Structure formats: structure tokens, C-alpha cells
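Please read the structure below before turning to the comments.
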Amino acid sequence: MYITKKTAVCAARHFIAAYESAKNHEIVDFGKVCAGCPVYLECRADWEKTAAPIFEAAQEYPVVVCDIKPVRF
């Protein structure tokens, strides 16, 4: 399995944001996570697609709540 730097950077930034939000009891601001990201111009904030190789390798997928309905990618 090959994970690109773009995927690793994206996953790490989102993992850190999730950890910080849990620690501080706050909701993750995904826009803030992507602000200043060094791979933003490649990703364009499509983190589900960018981090997909890690989800696929782990066979674990995020559940994102959208309009009160869980959405699985």
C-alpha cells in the first residue's frame, strides 16, 4: 500500500483537529483545519477523498453528520 504525502498531511491535520476538539470539548471546524494547509491547492478541502486511502487501508470510514442524517463515505 502506498500513501501519498498529500494523504498523510491531510489525515494528520484532521486527526490533530479531532484530538484537540475532543480535548477542549469543541466541535471540529473543518474550514479552520484546511486553512493554511500546505496541500490545499491539490486537495481543495476535499478531505474525504484525499484521506480515502488511509480509510481504505484501515477499513474504517468516517461518519459525517449532514442535516442530522449520518452520511458514510
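So you can find residues: chains in the C-alpha cells are A, B, ... in the order shown, residues in each start at 1, and ligands are numbered from 1 in order.
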Practice task
Tell me, as a PyMOL selection string, which residues lie within 10 Å of Ala18 in chain A, counting only C-alpha atoms; anything in the same chain fewer than 3 positions away does not count.
Solution key: chain A and resi 12-15+21-24+26-30+33
Write out the residues from the selection above, keeping N, CA and C atoms, as an mmCIF file, in the first residue's frame.
```cif
data_model
loop_
_atom_site.group_PDB
_atom_site.id
_atom_site.type_symbol
_atom_site.label_atom_id
_atom_site.label_comp_id
_atom_site.auth_asym_id
_atom_site.auth_seq_id
_atom_site.Cartn_x
_atom_site.Cartn_y
_atom_site.Cartn_z
ATOM 1 N N ALA A 12 -3.289 13.631 9.020
ATOM 2 C CA ALA A 12 -2.666 14.095 10.258
ATOM 3 C C ALA A 12 -3.316 15.380 10.749
ATOM 4 N N ARG A 13 -3.551 16.322 9.854
ATOM 5 C CA ARG A 13 -4.165 17.594 10.250
ATOM 6 C C ARG A 13 -5.564 17.370 10.807
ATOM 7 N N HIS A 14 -6.333 16.482 10.180
ATOM 8 C CA HIS A 14 -7.684 16.212 10.662
ATOM 9 C C HIS A 14 -7.670 15.403 11.955
ATOM 10 N N PHE A 15 -6.726 14.485 12.095
ATOM 11 C CA PHE A 15 -6.595 13.729 13.335
ATOM 12 C C PHE A 15 -6.267 14.676 14.492
ATOM 13 N N SER A 21 -10.262 19.024 19.431
ATOM 14 C CA SER A 21 -11.677 19.319 19.698
ATOM 15 C C SER A 21 -12.221 18.442 20.819
ATOM 16 N N ALA A 22 -11.819 17.178 20.869
ATOM 17 C CA ALA A 22 -12.258 16.292 21.951
ATOM 18 C C ALA A 22 -11.685 16.759 23.289
ATOM 19 N N LYS A 23 -10.412 17.126 23.276
ATOM 20 C CA LYS A 23 -9.744 17.577 24.492
ATOM 21 C C LYS A 23 -10.399 18.851 25.027
ATOM 22 N N ASN A 24 -10.802 19.738 24.133
ATOM 23 C CA ASN A 24 -11.382 21.025 24.525
ATOM 24 C C ASN A 24 -12.913 21.030 24.521
ATOM 25 N N GLU A 26 -15.005 20.799 22.004
ATOM 26 C CA GLU A 26 -15.487 21.693 20.957
ATOM 27 C C GLU A 26 -15.777 20.893 19.688
ATOM 28 N N ILE A 27 -16.574 21.472 18.815
ATOM 29 C CA ILE A 27 -16.857 20.864 17.515
ATOM 30 C C ILE A 27 -15.709 21.200 16.574
ATOM 31 N N VAL A 28 -15.297 20.233 15.758
ATOM 32 C CA VAL A 28 -14.209 20.470 14.800
ATOM 33 C C VAL A 28 -14.670 21.459 13.735
ATOM 34 N N ASP A 29 -13.858 22.465 13.496
ATOM 35 C CA ASP A 29 -14.105 23.432 12.428
ATOM 36 C C ASP A 29 -13.260 22.997 11.236
ATOM 37 N N PHE A 30 -13.861 22.240 10.309
ATOM 38 C CA PHE A 30 -13.101 21.684 9.194
ATOM 39 C C PHE A 30 -12.514 22.762 8.296
ATOM 40 N N VAL A 33 -9.261 23.713 9.825
ATOM 41 C CA VAL A 33 -8.248 22.672 9.617
ATOM 42 C C VAL A 33 -7.571 22.863 8.261
#
```
Quick one: residues within 12 Å of Ala57 in chain A, only C-alpha atoms, excluding same-chain residues fewer than 4 positions away - as a PDB file with C-alpha atoms, in the first residue's frame?
```pdb
ATOM      1  CA  MET A   1       0.000   0.000   0.000  1.00  0.00           C
ATOM      2  CA  TYR A   2       1.293   3.468  -0.899  1.00  0.00           C
ATOM      3  CA  ILE A   3       0.131   6.571   0.941  1.00  0.00           C
ATOM      4  CA  ALA A  51      -7.684  10.826   3.105  1.00  0.00           C
ATOM      5  CA  ALA A  52      -9.602   7.925   1.488  1.00  0.00           C
ATOM      6  CA  PRO A  53      -6.501   5.703   1.046  1.00  0.00           C
ATOM      7  CA  TYR A  61     -14.583   5.183   7.457  1.00  0.00           C
TER       8      TYR A  61
END
```
One residue among A:Thr4, A:Ile54, A:Pro62, A:Val9 is nearest to Val39 in chain A when using only C-alpha atoms, and that residue is A:Val9
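CA of Gly36 in chain A is found 27.1 Å from CA of Ala58 in chain A.
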- Mind listing the strand (DSSP E or B) residues of chain A, per DSSP on the backbone, as a ChimeraX atom specification? /A:63-66,69-72
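Counting from CA of Glu60 in chain A, the distance to CA of Cys37 in chain A is 23.8 Å.
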task = Run DSSP on the backbone and grab whatever in range 31-65 of chain A lands in alpha helix (DSSP H); send it over as an MDAnalysis selection string.
result = chainID A and resid 31:34 40:43 47:50 52:58
Keeping N, CA and C atoms, export the residues of the selection given above as a compact mmCIF listing (two decimals), in the first residue's frame.
```txt
# COMPACT_ATOMS: atom_id res chain seq x y z
N GLY A 31 -13.17 23.91 8.20
CA GLY A 31 -12.61 25.01 7.42
C GLY A 31 -11.31 25.51 8.03
N LYS A 32 -11.27 25.56 9.35
CA LYS A 32 -10.06 26.00 10.05
C LYS A 32 -8.93 25.00 9.85
N VAL A 33 -9.26 23.71 9.82
CA VAL A 33 -8.25 22.67 9.62
C VAL A 33 -7.57 22.86 8.26
N CYS A 34 -8.34 23.19 7.24
CA CYS A 34 -7.80 23.32 5.89
C CYS A 34 -7.10 24.65 5.65
N TYR A 40 -3.37 22.24 0.26
CA TYR A 40 -4.71 22.72 -0.08
C TYR A 40 -4.92 22.89 -1.58
N LEU A 41 -3.95 23.41 -2.30
CA LEU A 41 -4.13 23.66 -3.73
C LEU A 41 -4.35 22.37 -4.52
N GLU A 42 -3.86 21.24 -4.01
CA GLU A 42 -4.12 19.94 -4.65
C GLU A 42 -5.46 19.37 -4.20
N CYS A 43 -5.77 19.52 -2.95
CA CYS A 43 -6.93 18.90 -2.32
C CYS A 43 -8.22 19.70 -2.49
N TRP A 47 -11.36 16.64 1.84
CA TRP A 47 -10.61 15.77 2.75
C TRP A 47 -11.08 14.33 2.72
N GLU A 48 -12.37 14.09 2.46
CA GLU A 48 -12.85 12.71 2.41
C GLU A 48 -12.14 11.94 1.29
N LYS A 49 -11.97 12.59 0.15
CA LYS A 49 -11.30 11.95 -0.99
C LYS A 49 -9.79 11.87 -0.76
N THR A 50 -9.22 12.94 -0.23
CA THR A 50 -7.77 12.99 -0.03
C THR A 50 -7.31 11.94 0.98
N ALA A 52 -8.98 9.22 1.78
CA ALA A 52 -9.60 7.93 1.49
C ALA A 52 -8.63 6.74 1.51
N PRO A 53 -7.40 6.86 1.00
CA PRO A 53 -6.50 5.70 1.05
C PRO A 53 -6.22 5.20 2.47
N ILE A 54 -6.21 6.11 3.44
CA ILE A 54 -6.00 5.68 4.82
C ILE A 54 -7.25 4.97 5.34
N PHE A 55 -8.43 5.51 5.04
CA PHE A 55 -9.67 4.86 5.45
C PHE A 55 -9.76 3.46 4.85
N GLU A 56 -9.42 3.36 3.57
CA GLU A 56 -9.49 2.07 2.88
C GLU A 56 -8.50 1.07 3.47
N ALA A 57 -7.29 1.51 3.76
CA ALA A 57 -6.28 0.62 4.34
C ALA A 57 -6.71 0.11 5.71
N ALA A 58 -7.34 0.98 6.49
CA ALA A 58 -7.76 0.60 7.84
C ALA A 58 -9.14 -0.05 7.86
```
